[in-house]
Each structure stands twice: as structure tokens, then as C-alpha cells.
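See structure below.
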Amino acid sequence: MAPTSSYRGRIAPSPTGLLHLGHARTFLIAAQRATEHEDTLILRNEDIDPQRCRAEFVDAMIEDLRWLGIRWGEGPDCGGPHAPYSQSQRREHYLEAWRGLRDSGAIYPCTCSRKDLAQAATAPNDADDEPIYPGKCRGRTDAAKFSAPAGVNWRFRVPDGEAVSFVDLHFGPQQFLAGSDFGDVVVWRRDDVPAYQLTVVVDDAAMRISEVVRGRDLLKSSARQILLYRALGATIPAFYHCDLVLDEAGQRLAKRHDALSLRHLRESGWTAG
Ligand SMILES: [Zn+2]
């Protein structure tokens with residue numbers, strides 16, 4: 001493929017534990033695609049959730065990525081034109097997006113309790129996905145009264161019945177139906193933490209990412225995020241989803257598979273070459 005000068009890829013680990021083989025595969029593919037296009041790879045530290053992220057895992061993640069032979073041109077350790085590259089330092093960007101979505105009516109405050117949701121939610125088509133929000137707060141029109149997001153959940157109103165399509169660069173044409181494959185997703189949590197779906201879109205847009213490489217389990221998330229890009233008036237990147245690494249039982253690797261953490265493999269004498 002002819003190199004283009006505009007390719008910007010990223011790897012975006014979350015420091016909630018040690019990186020394992022499943023992450024390594026996705027990140028190596030992302031790094032390889034950036035190299036093929038002779039262009040920039042960005043490292044973004046997705047440490048937005050103070051409940052789950054720990055600083056010690058940020059250092060471990062950088063060490064593990066270097067051990068894999070991955071090199072990046074912009075990141076929390078080396079800076080760059082779109083700094084900061086740690087989500088915990090980018091709150092102002094997310095707040096700006098929140099204000100825009102509030103003002104355009106794309107999001108609404110939701111005060112449903114966990115119990116309300118458990119009782120009313122429809123099961124999604126996909127068993128391990130989150131339940132579809134039943135819509136109790138959808139009609140609320142008081143968003144403009146909030147000067148800050150804290151205290152309620154903020155949900156993004158998806159266009160029910162609309163087919164969201166994109167061509168994945170690995171898996172080909174994809175289509176998901178808003179309102180039945182996924183519902184109104186939380187973009188800002190009541191404990192005042194912006195949610196993954198919002199932060200990833202805001203950052204990929206701000207950092208001018210042209211291609212997102214991620215695991216197959218996020219195909220549906222990509223469809224949801226396309227709607228968010230539109231609502232934010234941002235350019236939608238290309239998507240390349242990777243196969244997941246499975247364990248012997250056919251389950252995807254999770255952080256509980258400590259034996260397959262890159263650190264453990266390195267300490268037991270593996271080489272990444
Ligand atoms: Zn609600």
C-alpha cells in the first residue's frame with residue numbers, strides 16, 4: 001500500500017492491571033499498521049477512572065510496550081502536539097464536549113437507580129453486552145439547567161431504528177441497529193467521571209486519529225461511537241478490528257489470566273523478538 005502522510009494510529013491501554021497477551025496482539029497490529037503507513041503512532045494512557053486505574057500500572061504498561069518493541073512518536077512519556085496524553089489530565093476536553101452535547105440536546109440527565117434499570121431493561125441481543133436503557137428519562141428537557149455534569153448519569157440519545165453501518169478494514173461491512181443492538185449509553189457518570197464511550201471519541205478526534213485498531217469485542221462500540229462523532233461534528237476515523245486471543249476454553253483473555261501477563265512471560269524467559 002502506498003504510504004499516506006495523514007495516517008495517525010494509536011494504542012490506548014488502561015492502567016487497571018498488567019498488560020497480557022490479548023493486549024499485546026492488538027497493540028502489535030496497531031504498531032505494524034502505523035509502520036506500514038510510515039507514520040505516527042500515539043500512546044494514550046486511558047486512566048480516567050480513579051476507581052479502577054493505578055499509577056503503578058502506567059509505568060508497567062510503558063515498560064511492557066517497549067519490551068514488545070513498540071515505539072511511539074507521541075505519548076505521556078514523550079509529549080507531542082496534542083498533549084496531555086493521559087486522560088486524567090484531559091477533563092477540560094471532555095467537559096467541553098459535554099457542554100456541546102447538552103446544548104444541542106443530544107444527551108439527557110438520567111436519575112434511574114440501578115434497581116429501576118434492572119427491572120425495566122430489555123436484554124440485548126448479545127448476552128455479554130449491557131442491557132438496553134428502557135428510556136424512562138428520555139423525554140427530559142431540563143438538560144440546560146445543569147451547569148456541570150456531576151450528580152446524575154448523562155445518556156446519549158441514540159436514533160431508535162437507525163442502521164449504523166461502516167466498513168471494517170479487517171472484518172468488512174458491519175451494521176448495527178440503534179435502539180435494539182445498543183441503547184442510550186452513559187457518557188458521563190453520576191460520580192462525575194466521563195465514560196469510556198465519550199472520552200475515546202473526544203480524544204481520537206482531538207488527536208486527529210485516522211485509524212482505530214481495537215479488539216473485535218468493540219465492533220458494536222464503534223457503531224455507537226460513530227453516532228457520537230456525528231453529534232460532536234467530528235471526523236469519523238477508519239476502524240480495523242482484530243481477532244481476540246482466546247484461552248484453552250475458548251474464552252477471551254482477561255486480566256485474571258495473570259500467568260499470561262507480559263511481565264510474567266518476560267520474567268519466565270520469553271523474548272518478544
Ligand atoms: Zn433514567
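By order in the C-alpha cells, chains are A, B, ...; within a chain, residues start at 1; ligands start at 1, following the order shown.
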Surrounding residues of Gly80 of chain A excluding itself and chain neighbours under 5 positions, 12 Å, only C-alpha atoms, as an mmCIF file with N, CA, C and O atoms, in the first residue's frame:
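Here's the written file result-v6.cif:
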```cif
data_model
loop_
_atom_site.group_PDB
_atom_site.id
_atom_site.type_symbol
_atom_site.label_atom_id
_atom_site.label_comp_id
_atom_site.auth_asym_id
_atom_site.auth_seq_id
_atom_site.Cartn_x
_atom_site.Cartn_y
_atom_site.Cartn_z
ATOM 1 N N THR A 40 2.625 8.183 12.124
ATOM 2 C CA THR A 40 2.690 8.366 13.564
ATOM 3 C C THR A 40 1.844 7.378 14.357
ATOM 4 O O THR A 40 0.686 7.135 14.029
ATOM 5 N N LEU A 41 2.432 6.850 15.416
ATOM 6 C CA LEU A 41 1.696 6.057 16.395
ATOM 7 C C LEU A 41 1.686 6.858 17.700
ATOM 8 O O LEU A 41 2.709 7.414 18.108
ATOM 9 N N ILE A 42 0.520 6.914 18.313
ATOM 10 C CA ILE A 42 0.351 7.692 19.542
ATOM 11 C C ILE A 42 0.038 6.738 20.692
ATOM 12 O O ILE A 42 -0.738 5.794 20.515
ATOM 13 N N LEU A 43 0.650 6.978 21.828
ATOM 14 C CA LEU A 43 0.301 6.214 23.029
ATOM 15 C C LEU A 43 -0.569 7.103 23.909
ATOM 16 O O LEU A 43 -0.192 8.221 24.257
ATOM 17 N N ARG A 44 -1.764 6.600 24.213
ATOM 18 C CA ARG A 44 -2.661 7.348 25.102
ATOM 19 C C ARG A 44 -2.930 6.503 26.340
ATOM 20 O O ARG A 44 -3.263 5.324 26.232
ATOM 21 N N TRP A 72 6.527 4.714 19.868
ATOM 22 C CA TRP A 72 5.506 5.704 19.558
ATOM 23 C C TRP A 72 6.146 7.085 19.486
ATOM 24 O O TRP A 72 7.184 7.333 20.106
ATOM 25 N N GLY A 73 5.499 7.957 18.703
ATOM 26 C CA GLY A 73 6.066 9.283 18.480
ATOM 27 C C GLY A 73 5.464 10.350 19.381
ATOM 28 O O GLY A 73 6.010 11.448 19.517
ATOM 29 N N GLU A 74 4.298 10.049 19.959
ATOM 30 C CA GLU A 74 3.647 10.985 20.876
ATOM 31 C C GLU A 74 3.097 10.156 22.028
ATOM 32 O O GLU A 74 2.595 9.055 21.800
ATOM 33 N N GLY A 75 3.182 10.680 23.236
ATOM 34 C CA GLY A 75 2.658 9.914 24.363
ATOM 35 C C GLY A 75 2.930 10.606 25.679
ATOM 36 O O GLY A 75 3.579 11.658 25.717
ATOM 37 N N TYR A 85 -1.347 13.419 27.142
ATOM 38 C CA TYR A 85 -1.745 12.130 26.587
ATOM 39 C C TYR A 85 -2.276 11.171 27.657
ATOM 40 O O TYR A 85 -2.437 9.988 27.396
ATOM 41 N N SER A 86 -2.505 11.698 28.859
ATOM 42 C CA SER A 86 -3.153 10.902 29.905
ATOM 43 C C SER A 86 -4.554 11.467 30.108
ATOM 44 O O SER A 86 -4.734 12.674 30.296
ATOM 45 N N MET A 207 -6.949 14.226 18.801
ATOM 46 C CA MET A 207 -5.595 13.794 18.439
ATOM 47 C C MET A 207 -5.479 13.448 16.957
ATOM 48 O O MET A 207 -4.460 12.923 16.519
#
```
Could you tell me, as a ChimeraX atom specification, which residues of segment 27-144 of chain A DSSP assigns to alpha helix (DSSP H) when given the backbone?
-> /A:27-36,55-67,91-104,114-120
Enumerate as a PyMOL selection string the residues within 12 Å of ligand 1, counting only C-alpha atoms and all ligand atoms.
-> chain A and resi 107-118+120-121+132-140+152-157+184-186+190
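Of the residues listed (A:Val200, A:Ile62, A:Ala206, A:Leu262), A:Val200 shows the shortest atom-to-atom separation from Ile48 of chain A; distances use only C-alpha atoms.
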Using DSSP on the backbone coordinates, identify the residues of segment 77-149 of chain A assigned to strand (DSSP E); present them as a PyMOL selection string.
-> chain A and resi 107-110
Exercise: Leu101 of chain A partners within 12 Å, only C-alpha atoms, chain neighbours under 2 positions left out, as a count of residues only = 31
